[in-house]
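Shown below: start10.csv, with CSV, C-alpha atoms.
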chain,number,residue,atom,x,y,z
B,26,MET,CA,21.6,22.1,-21.3
B,27,HIS,CA,21.0,21.8,-25.0
B,28,LEU,CA,24.7,21.7,-25.7
B,29,GLU,CA,25.3,19.2,-22.9
B,30,ARG,CA,22.8,16.8,-24.3
B,31,LEU,CA,24.3,17.1,-27.8
B,32,THR,CA,27.7,16.4,-26.4
B,33,LEU,CA,26.5,13.4,-24.4
B,34,ILE,CA,25.0,11.9,-27.5
B,35,LEU,CA,28.2,12.3,-29.4
B,36,GLU,CA,30.2,10.7,-26.6
B,37,ILE,CA,27.9,7.7,-26.5
B,38,VAL,CA,28.0,7.2,-30.3
B,39,GLY,CA,31.7,7.7,-30.4
B,40,GLN,CA,32.4,5.2,-27.7
B,41,LYS,CA,30.1,2.5,-29.0
B,42,GLY,CA,31.2,3.0,-32.6
B,43,GLU,CA,27.6,3.0,-33.7
B,44,ALA,CA,24.3,3.3,-31.8
B,45,THR,CA,20.6,3.5,-32.2
B,46,VAL,CA,18.4,6.1,-30.6
B,47,GLY,CA,17.3,3.4,-28.1
B,48,GLU,CA,20.9,2.7,-27.1
B,49,ILE,CA,21.5,6.5,-26.7
B,50,CYS,CA,18.4,6.7,-24.4
B,51,ALA,CA,19.6,3.8,-22.3
B,52,HIS,CA,22.9,5.5,-21.5
B,53,SER,CA,21.7,9.1,-21.3
B,54,ASP,CA,18.3,9.0,-19.6
B,55,LEU,CA,17.0,11.2,-22.4
B,56,PRO,CA,13.3,10.8,-23.5
B,57,LYS,CA,13.2,9.0,-26.9
B,58,ALA,CA,11.5,11.9,-28.7
B,59,THR,CA,14.1,14.3,-27.4
B,60,ALA,CA,17.0,12.0,-28.3
B,61,TYR,CA,15.6,11.4,-31.8
B,62,ARG,CA,15.3,15.2,-32.4
B,63,LEU,CA,18.8,15.9,-31.2
B,64,VAL,CA,20.2,13.0,-33.3
B,65,GLN,CA,18.6,14.5,-36.3
B,66,ASP,CA,20.1,17.9,-35.5
B,67,LEU,CA,23.5,16.3,-35.3
B,68,VAL,CA,23.0,14.5,-38.6
B,69,ASP,CA,21.9,17.7,-40.3
B,70,ALA,CA,25.2,19.3,-39.0
B,71,GLY,CA,27.3,16.5,-40.3
B,72,LEU,CA,28.4,15.4,-36.8
B,73,LEU,CA,26.6,12.1,-37.1
B,74,GLU,CA,25.8,10.0,-40.1
B,75,THR,CA,23.4,7.1,-40.8
B,76,VAL,CA,25.2,3.8,-41.3
B,77,THR,CA,22.1,1.7,-41.7
B,78,ARG,CA,18.5,2.5,-41.0
B,79,GLY,CA,18.2,3.5,-37.4
B,80,ARG,CA,21.9,3.3,-36.6
B,81,PHE,CA,24.2,6.2,-36.4
B,82,VAL,CA,28.0,6.8,-36.4
B,83,ILE,CA,30.3,9.7,-35.9
B,84,GLY,CA,30.2,11.9,-39.1
B,85,ASN,CA,33.2,12.8,-41.2
B,86,ARG,CA,32.9,16.5,-40.2
B,87,LEU,CA,33.5,15.5,-36.5
B,88,LYS,CA,36.2,13.0,-37.4
B,89,GLN,CA,38.2,15.8,-39.0
B,90,ILE,CA,38.5,17.6,-35.7
B,91,THR,CA,39.1,14.7,-33.3
B,92,GLN,CA,42.5,13.7,-32.2
B,93,GLY,CA,42.1,10.0,-32.4
B,94,ASP,CA,39.8,7.0,-32.3
B,95,ARG,CA,38.6,6.1,-28.8
B,96,SER,CA,35.8,3.7,-29.9
B,97,ASP,CA,35.3,0.4,-28.1
B,98,ASP,CA,36.9,-1.5,-30.9
B,99,ALA,CA,40.0,0.8,-30.9
B,100,LEU,CA,40.4,0.4,-27.1
B,101,ARG,CA,40.0,-3.3,-27.3
B,102,ASP,CA,42.7,-3.5,-30.0
B,103,LEU,CA,45.1,-1.5,-27.8
B,104,ILE,CA,44.4,-2.9,-24.4
B,105,ALA,CA,43.2,-6.5,-24.9
B,106,PRO,CA,46.8,-8.0,-25.4
B,107,THR,CA,47.9,-6.6,-22.1
B,108,LEU,CA,44.8,-8.0,-20.3
B,109,ARG,CA,45.3,-11.4,-22.1
B,110,ARG,CA,48.8,-11.7,-20.8
B,111,ALA,CA,47.7,-10.7,-17.3
B,112,ALA,CA,44.8,-13.2,-17.3
B,113,THR,CA,47.2,-16.1,-18.2
B,114,ASP,CA,49.8,-15.0,-15.7
B,115,HIS,CA,47.4,-14.6,-12.8
B,116,GLY,CA,44.8,-17.3,-13.7
B,117,ALA,CA,42.0,-14.8,-13.3
B,118,ALA,CA,39.6,-12.9,-15.6
B,119,PHE,CA,40.7,-9.4,-16.5
B,120,PHE,CA,38.3,-6.7,-17.7
B,121,LEU,CA,38.2,-3.4,-19.5
B,122,ALA,CA,35.5,-0.9,-18.6
B,123,ARG,CA,34.6,2.7,-19.5
B,124,LEU,CA,32.3,5.5,-18.6
B,125,ARG,CA,29.5,5.7,-21.1
B,126,GLY,CA,27.1,8.5,-20.6
B,127,ARG,CA,26.5,8.4,-16.8
B,128,SER,CA,27.2,4.8,-16.1
B,129,VAL,CA,30.3,2.5,-16.3
B,130,GLU,CA,30.2,-0.5,-18.6
B,131,ILE,CA,32.4,-3.5,-18.9
B,132,ILE,CA,33.2,-3.8,-22.6
B,133,HIS,CA,35.8,-6.6,-22.8
B,134,VAL,CA,37.0,-9.5,-20.7
B,135,GLU,CA,40.1,-11.7,-21.2
B,136,THR,CA,40.2,-15.1,-19.5
B,137,PRO,CA,43.2,-17.4,-18.7
B,138,ASP,CA,44.1,-20.0,-21.2
B,139,THR,CA,45.9,-22.3,-18.7
B,140,GLY,CA,42.9,-24.4,-17.8
B,141,VAL,CA,42.6,-23.0,-14.3
B,142,SER,CA,39.2,-22.2,-12.8
B,143,PHE,CA,38.0,-18.6,-13.0
B,144,LEU,CA,34.9,-16.5,-12.7
B,145,HIS,CA,33.8,-14.4,-15.6
B,146,PRO,CA,32.4,-10.9,-14.6
B,147,GLY,CA,30.2,-10.6,-17.7
B,148,LEU,CA,29.7,-7.5,-19.9
B,149,GLY,CA,27.4,-4.5,-19.4
B,150,LYS,CA,26.6,-1.7,-17.1
B,151,ARG,CA,27.7,-1.7,-13.4
B,152,PRO,CA,26.4,0.4,-10.5
B,153,LEU,CA,28.6,3.3,-9.6
B,154,HIS,CA,28.7,2.3,-5.9
B,155,ALA,CA,29.1,-1.4,-6.0
B,156,CYS,CA,31.7,-2.5,-8.5
B,157,SER,CA,35.5,-1.9,-8.6
B,158,CYS,CA,35.4,-0.9,-12.3
B,159,SER,CA,32.8,1.8,-11.5
B,160,LYS,CA,34.3,3.0,-8.3
B,161,ALA,CA,37.7,3.3,-9.9
B,162,VAL,CA,36.2,5.8,-12.4
B,163,ALA,CA,33.9,7.5,-9.9
B,164,ALA,CA,36.8,8.2,-7.5
B,165,PHE,CA,38.6,10.3,-10.1
B,166,SER,CA,35.4,11.8,-11.7
B,167,PRO,CA,33.9,13.8,-8.8
B,168,ASP,CA,31.3,15.5,-11.0
B,169,LEU,CA,29.9,12.1,-11.9
B,170,ILE,CA,28.8,11.4,-8.3
B,171,ARG,CA,27.6,15.0,-7.7
B,172,SER,CA,25.6,15.1,-10.9
B,173,GLN,CA,23.6,11.9,-10.1
B,174,SER,CA,22.0,12.8,-6.8
B,175,LEU,CA,22.8,9.4,-5.5
B,176,GLU,CA,21.3,9.9,-2.0
B,177,LYS,CA,18.6,7.3,-1.5
B,178,ARG,CA,19.5,5.6,-4.8
B,179,LEU,CA,22.3,3.4,-3.5
B,180,LYS,CA,20.8,0.0,-4.0
B,181,ALA,CA,21.8,-2.9,-1.7
B,182,TYR,CA,22.8,-5.9,-3.7
B,183,THR,CA,24.2,-7.7,-0.7
B,184,GLU,CA,24.7,-6.9,3.0
B,185,PHE,CA,28.1,-5.6,2.1
B,186,THR,CA,27.0,-3.0,-0.4
B,187,LEU,CA,27.7,0.6,0.5
B,188,THR,CA,24.2,2.3,0.8
B,189,ARG,CA,25.1,5.5,2.6
B,190,LEU,CA,26.5,8.3,0.6
B,191,GLU,CA,29.0,9.3,3.3
B,192,ASP,CA,30.4,5.7,3.3
B,193,LEU,CA,30.7,5.8,-0.5
B,194,GLU,CA,32.5,9.1,-0.4
B,195,ALA,CA,35.0,7.8,2.2
B,196,ASP,CA,35.6,4.7,0.0
B,197,LEU,CA,36.3,6.9,-3.0
B,198,ALA,CA,38.7,9.0,-1.0
B,199,ALA,CA,40.6,5.8,0.0
B,200,ILE,CA,40.7,4.7,-3.7
B,201,ARG,CA,42.2,8.0,-4.7
B,202,GLN,CA,44.9,7.5,-2.0
B,203,ARG,CA,45.9,4.0,-2.9
B,204,GLY,CA,45.3,4.2,-6.6
B,205,TYR,CA,42.9,1.3,-7.1
B,206,ALA,CA,39.4,0.2,-6.1
B,207,GLU,CA,38.2,-3.0,-4.5
B,208,CYS,CA,34.8,-4.7,-4.5
B,209,VAL,CA,34.4,-7.5,-2.0
B,210,GLU,CA,31.0,-9.2,-2.2
B,211,GLU,CA,29.3,-5.8,-2.7
B,212,ILE,CA,27.5,-6.8,-5.9
B,213,GLU,CA,27.5,-10.6,-5.6
B,214,ARG,CA,28.3,-12.9,-2.8
B,215,GLY,CA,31.5,-14.9,-3.2
B,216,MET,CA,33.0,-12.5,-5.8
B,217,ALA,CA,35.7,-9.9,-5.4
B,218,SER,CA,37.4,-7.6,-7.9
B,219,VAL,CA,40.2,-4.9,-8.1
B,220,ALA,CA,40.4,-2.1,-10.7
B,221,ALA,CA,42.3,1.0,-11.5
B,222,PRO,CA,41.7,3.9,-13.9
B,223,LEU,CA,44.1,4.4,-16.7
B,224,SER,CA,45.0,7.9,-15.4
B,225,ALA,CA,43.8,10.3,-12.7
B,226,THR,CA,42.7,13.0,-15.2
B,227,GLY,CA,41.7,13.3,-18.8
B,228,PRO,CA,40.2,10.5,-21.0
B,229,GLY,CA,42.1,7.9,-19.0
B,230,ALA,CA,40.1,8.7,-15.9
B,231,GLN,CA,37.0,7.4,-17.7
B,232,ILE,CA,38.5,4.0,-18.4
B,233,SER,CA,39.4,1.3,-15.9
B,234,ILE,CA,41.0,-2.1,-16.0
B,235,GLY,CA,40.9,-4.8,-13.4
B,236,ALA,CA,40.6,-8.4,-12.4
B,237,THR,CA,37.9,-10.5,-10.7
B,238,GLY,CA,37.6,-13.9,-9.0
B,239,SER,CA,36.2,-15.7,-6.0
B,240,THR,CA,36.8,-14.4,-2.5
B,241,ARG,CA,38.6,-17.6,-1.8
B,242,VAL,CA,41.3,-16.5,-4.3
B,243,PHE,CA,41.0,-12.7,-4.0
B,244,THR,CA,41.9,-12.6,-0.3
B,245,ARG,CA,42.9,-9.4,1.4
B,246,ALA,CA,46.6,-10.3,0.9
B,247,PHE,CA,46.1,-11.2,-2.8
B,248,ARG,CA,44.2,-7.9,-3.4
B,249,ALA,CA,47.0,-5.9,-1.8
B,250,GLU,CA,49.4,-7.6,-4.1
B,251,ILE,CA,47.5,-7.4,-7.3
B,252,GLY,CA,46.2,-3.9,-6.8
B,253,PRO,CA,49.5,-2.1,-7.3
B,254,GLN,CA,50.3,-4.4,-10.2
B,255,ILE,CA,47.1,-3.3,-11.9
B,256,VAL,CA,48.0,0.3,-11.2
B,257,ARG,CA,51.3,-0.2,-13.0
B,258,MET,CA,49.6,-1.9,-15.9
B,259,ALA,CA,47.2,1.1,-16.1
B,260,GLN,CA,50.2,3.5,-16.0
B,261,ASP,CA,51.9,1.7,-18.9
B,262,LEU,CA,48.8,1.6,-21.0
B,263,SER,CA,48.1,5.3,-20.2
B,264,ALA,CA,51.6,6.2,-21.2
B,265,GLY,CA,51.2,4.3,-24.5
B,266,LEU,CA,48.0,6.2,-25.2
B,267,ARG,CA,49.6,9.5,-24.0
B,268,TRP,CA,47.0,9.7,-21.2
B,269,SER,CA,49.5,9.6,-18.3
B,270,GLU,CA,49.2,13.3,-17.5
B,271,GLY,CA,47.7,13.7,-14.0
B,272,ARG,CA,49.0,10.5,-12.5
B,273,GLU,CA,51.0,12.6,-10.0
B,274,THR,CA,47.8,14.1,-8.8
B,275,ARG,CA,46.7,10.6,-7.6
B,276,GLN,CA,49.9,10.1,-5.6
B,277,SER,CA,49.5,13.5,-3.8
B,278,ALA,CA,45.7,13.2,-3.2
Take the structure from the file and write it as structure tokens.
Amino acid sequence: MHLERLTLILEIVGQKGEATVGEICAHSDLPKATAYRLVQDLVDAGLLETVTRGRFVIGNRLKQITQGDRSDDALRDLIAPTLRRAATDHGAAFFLARLRGRSVEIIHVETPDTGVSFLHPGLGKRPLHACSCSKAVAAFSPDLIRSQSLEKRLKAYTEFTLTRLEDLEADLAAIRQRGYAECVEEIERGMASVAAPLSATGPGAQISIGATGSTRVFTRAFRAEIGPQIVRMAQDLSAGLRWSEGRETRQSA
């Protein structure tokens, strides 16, 4: 348990680039006193460093043993150009989301520059059971669902939200089969979205990309068309990041 908590803190700081103890608590459910003590232990070990008073970054000792930069900024630099082109081509907002701690968070959005009307999904955390970006990650991260004891915690945002665990599990199975997730008015009336993880296993399974818009535009036929396109985009990005291993697992699931 102690090692798991330390690892979770390192993951959160590494993804955000820098973080306060308060931000660590928000994404880990750790009590503030516990988080502060663990952060100090990591600083003492050289795994975290203080960048300014109260803010921490990954320490040089840990950087020496990591394979690459997976911070939010690094992911934006690599993925945003692809999302920007897709947003212009499709006239819809495209987003980048990642698993942070035990929740999925939209960290970047690209919008079309063609003057067309679009809906912006906003940034921040999304519920695991009621957003395509979250369900795309949860479908390929089974331990994430099992670790959260979601029974009786599936909040209804609209009448279309999945609030029974067995219904959610069936939806996640369908996502694994087709390769992408859908959210149709499950978190907000009139809005729909489609998302896919970058890969079925490894670090890419914790990152999703997708598109969102009004249900008037994101019809069943449109979602069936754009879903496979987003999967192909994810495959290409994953290959570029060398995260494509395990994609075959998705097809045979």
Note to self: When you look at stretch 255-260 of chain B with a cut-off of 6 Å (counting all atoms listed in the file), what residues show up, excluding the ones that are within fewer than 3 positions of it in the same chain? I need them as a list in words.
What the structure shows: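 The residues satisfying every condition are Ala221, Leu223, Gly252 and Ser263 of chain B.
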Notebook entry, point to check: Do you have the atom CA of B:Gly79-atom CA of B:Ser128 distance handy?
Noted result: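 We find that atom CA of B:Gly79 and atom CA of B:Ser128 lie 23.2 Å from each other.
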Notebook entry, point to check: In terms of the shortest atom-to-atom distance over all atoms listed in the file, which of B:Leu193, B:Gln65, B:Phe165, B:Ile234 is closest to B:Val134?
Noted result: B:Ile234
Item checked: Which residue of B:Thr226, B:Val82, B:Leu72, B:Cys158 approaches B:Phe119 most closely, using all atoms listed in the file -> B:Cys158
Taking 2 positions as the minimum chain separation for residues in the same chain, which residues sit within 10 Å of B:His115 when counting only C-alpha atoms? Answer as a compact mmCIF listing (two decimals) with C-alpha atoms, in the coordinates of the input.
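Output file selection39.txt is given in full below:
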# COMPACT_ATOMS: atom_id res chain seq x y z
CA ARG B 110 48.80 -11.70 -20.80
CA ALA B 111 47.70 -10.70 -17.30
CA ALA B 112 44.80 -13.20 -17.30
CA THR B 113 47.20 -16.10 -18.20
CA ALA B 117 42.00 -14.80 -13.30
CA ALA B 118 39.60 -12.90 -15.60
CA PHE B 119 40.70 -9.40 -16.50
CA THR B 136 40.20 -15.10 -19.50
CA PRO B 137 43.20 -17.40 -18.70
CA THR B 139 45.90 -22.30 -18.70
CA VAL B 141 42.60 -23.00 -14.30
CA ALA B 236 40.60 -8.40 -12.40
CA ILE B 251 47.50 -7.40 -7.30
Checklist line | Residue among B:Asp66, B:Glu207, B:Glu74, B:Glu250 lying closest to B:Ala220, counting only C-alpha atoms | finding: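 Counting only C-alpha atoms, the residue closest to B:Ala220 is B:Glu207.
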Exercise: B:Ser159 partners within 9 Å, all atoms listed in the file, chain neighbours under 2 positions left out, as a compact mmCIF listing (two decimals) with C-alpha atoms, in the frame of the given file:
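Wrote selection-v4.txt, looks like this:
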# COMPACT_ATOMS: atom_id res chain seq x y z
CA ALA B 122 35.50 -0.90 -18.60
CA ARG B 123 34.60 2.70 -19.50
CA LEU B 124 32.30 5.50 -18.60
CA SER B 128 27.20 4.80 -16.10
CA VAL B 129 30.30 2.50 -16.30
CA GLU B 130 30.20 -0.50 -18.60
CA ARG B 151 27.70 -1.70 -13.40
CA PRO B 152 26.40 0.40 -10.50
CA LEU B 153 28.60 3.30 -9.60
CA HIS B 154 28.70 2.30 -5.90
CA ALA B 155 29.10 -1.40 -6.00
CA CYS B 156 31.70 -2.50 -8.50
CA SER B 157 35.50 -1.90 -8.60
CA ALA B 161 37.70 3.30 -9.90
CA VAL B 162 36.20 5.80 -12.40
CA ALA B 163 33.90 7.50 -9.90
CA ALA B 164 36.80 8.20 -7.50
CA ALA B 206 39.40 0.20 -6.10
CA ALA B 220 40.40 -2.10 -10.70
CA SER B 233 39.40 1.30 -15.90
Item checked: Point-to-point distance in Å for atom CA of B:Ser224 and atom CA of B:Glu43 ->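 About the pair atom CA of B:Glu43 and atom CA of B:Ser224: they are 25.7 Å apart.
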Item checked: Residue nearest B:Phe247 - candidates B:Leu121, B:Ala264, B:Glu210, B:Val219, atoms counted: all atoms listed in the file ->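 Nearest candidate to B:Phe247 out of B:Leu121, B:Ala264, B:Glu210, B:Val219: B:Val219.
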Next item on the list: Provide the atom CA of B:Gly149 to atom CA of B:Asn85 distance in Å, to one decimal place.
Entry: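 Straight-line distance from atom CA of B:Gly149 to atom CA of B:Asn85 works out to 28.4 Å.
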Check: Between B:Lys150, B:Gly39, B:Thr75, B:Gln231, which has the minimum distance to B:Asp98 (counting only C-alpha atoms)?
Finding: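 Once distances to B:Asp98 are computed over only C-alpha atoms, the minimum belongs to B:Gly39.
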Check: Which one is closest to B:Leu266: B:Ile131, B:Val209, B:Leu100, B:Ala249? Count only C-alpha atoms.
Finding: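 Of B:Ile131, B:Val209, B:Leu100, B:Ala249, the one nearest B:Leu266, counting only C-alpha atoms, is B:Leu100.
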Just want the 9 Å neighbourhood of B:Leu63, counted on all atoms listed in the file, with same-chain residues fewer than 3 positions away dropped. Output as a tab-separated table (two decimals) with C-alpha atoms, in the coordinates of the input.
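The resulting file, part_33.tsv, is reproduced below:
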chain	number	residue	atom	x	y	z
B	27	HIS	CA	21.00	21.80	-25.00
B	30	ARG	CA	22.80	16.80	-24.30
B	31	LEU	CA	24.30	17.10	-27.80
B	34	ILE	CA	25.00	11.90	-27.50
B	58	ALA	CA	11.50	11.90	-28.70
B	59	THR	CA	14.10	14.30	-27.40
B	60	ALA	CA	17.00	12.00	-28.30
B	66	ASP	CA	20.10	17.90	-35.50
B	67	LEU	CA	23.50	16.30	-35.30
B	68	VAL	CA	23.00	14.50	-38.60
Margin query: Need to verify the contact set: B:Thr188, 7 Å, all atoms listed in the file, exclusion of same-chain residues closer than 5 positions in sequence. Can you return it as a count of residues only?
Written below: 3
Note to self: Using all atoms listed in the file - which residues lie no farther than 12 Å from the point (31.3, -10.5, -3.1) in the file's frame? Write them as a PyMOL selection string.
What the structure shows: chain B and resi 144+146+155-157+182-186+207-219+237-244
Please output stretch 196-211 of chain B, rebuilt to include N, CA and C atoms, as a short mmCIF file (atom, residue, chain, number, x, y, z; two decimals), in the frame of the given file.
data_model
loop_
_atom_site.label_atom_id
_atom_site.label_comp_id
_atom_site.auth_asym_id
_atom_site.auth_seq_id
_atom_site.Cartn_x
_atom_site.Cartn_y
_atom_site.Cartn_z
N ASP B 196 34.98 5.76 0.85
CA ASP B 196 35.60 4.70 0.00
C ASP B 196 36.29 5.30 -1.17
N LEU B 197 35.65 6.25 -1.83
CA LEU B 197 36.30 6.90 -3.00
C LEU B 197 37.52 7.65 -2.63
N ALA B 198 37.52 8.26 -1.45
CA ALA B 198 38.70 9.00 -1.00
C ALA B 198 39.87 7.97 -0.77
N ALA B 199 39.55 6.80 -0.22
CA ALA B 199 40.60 5.80 0.00
C ALA B 199 41.11 5.26 -1.35
N ILE B 200 40.24 5.16 -2.34
CA ILE B 200 40.70 4.70 -3.70
C ILE B 200 41.63 5.72 -4.28
N ARG B 201 41.33 6.99 -4.14
CA ARG B 201 42.20 8.00 -4.70
C ARG B 201 43.60 7.94 -3.99
N GLN B 202 43.61 7.59 -2.71
CA GLN B 202 44.90 7.50 -2.00
C GLN B 202 45.72 6.35 -2.40
N ARG B 203 45.12 5.16 -2.54
CA ARG B 203 45.90 4.00 -2.90
C ARG B 203 46.05 3.73 -4.37
N GLY B 204 45.15 4.35 -5.17
CA GLY B 204 45.30 4.20 -6.60
C GLY B 204 44.39 3.18 -7.26
N TYR B 205 43.74 2.32 -6.48
CA TYR B 205 42.90 1.30 -7.10
C TYR B 205 41.67 1.03 -6.17
N ALA B 206 40.63 0.48 -6.78
CA ALA B 206 39.40 0.20 -6.10
C ALA B 206 39.22 -1.28 -5.83
N GLU B 207 38.50 -1.60 -4.77
CA GLU B 207 38.20 -3.00 -4.50
C GLU B 207 36.65 -3.14 -4.36
N CYS B 208 36.18 -4.31 -4.69
CA CYS B 208 34.80 -4.70 -4.50
C CYS B 208 34.79 -6.08 -3.90
N VAL B 209 34.37 -6.22 -2.66
CA VAL B 209 34.40 -7.50 -2.00
C VAL B 209 32.94 -7.88 -1.61
N GLU B 210 32.34 -8.71 -2.42
CA GLU B 210 31.00 -9.20 -2.20
C GLU B 210 29.94 -8.07 -2.11
N GLU B 211 30.24 -6.93 -2.74
CA GLU B 211 29.30 -5.80 -2.70
C GLU B 211 28.22 -5.91 -3.73
#
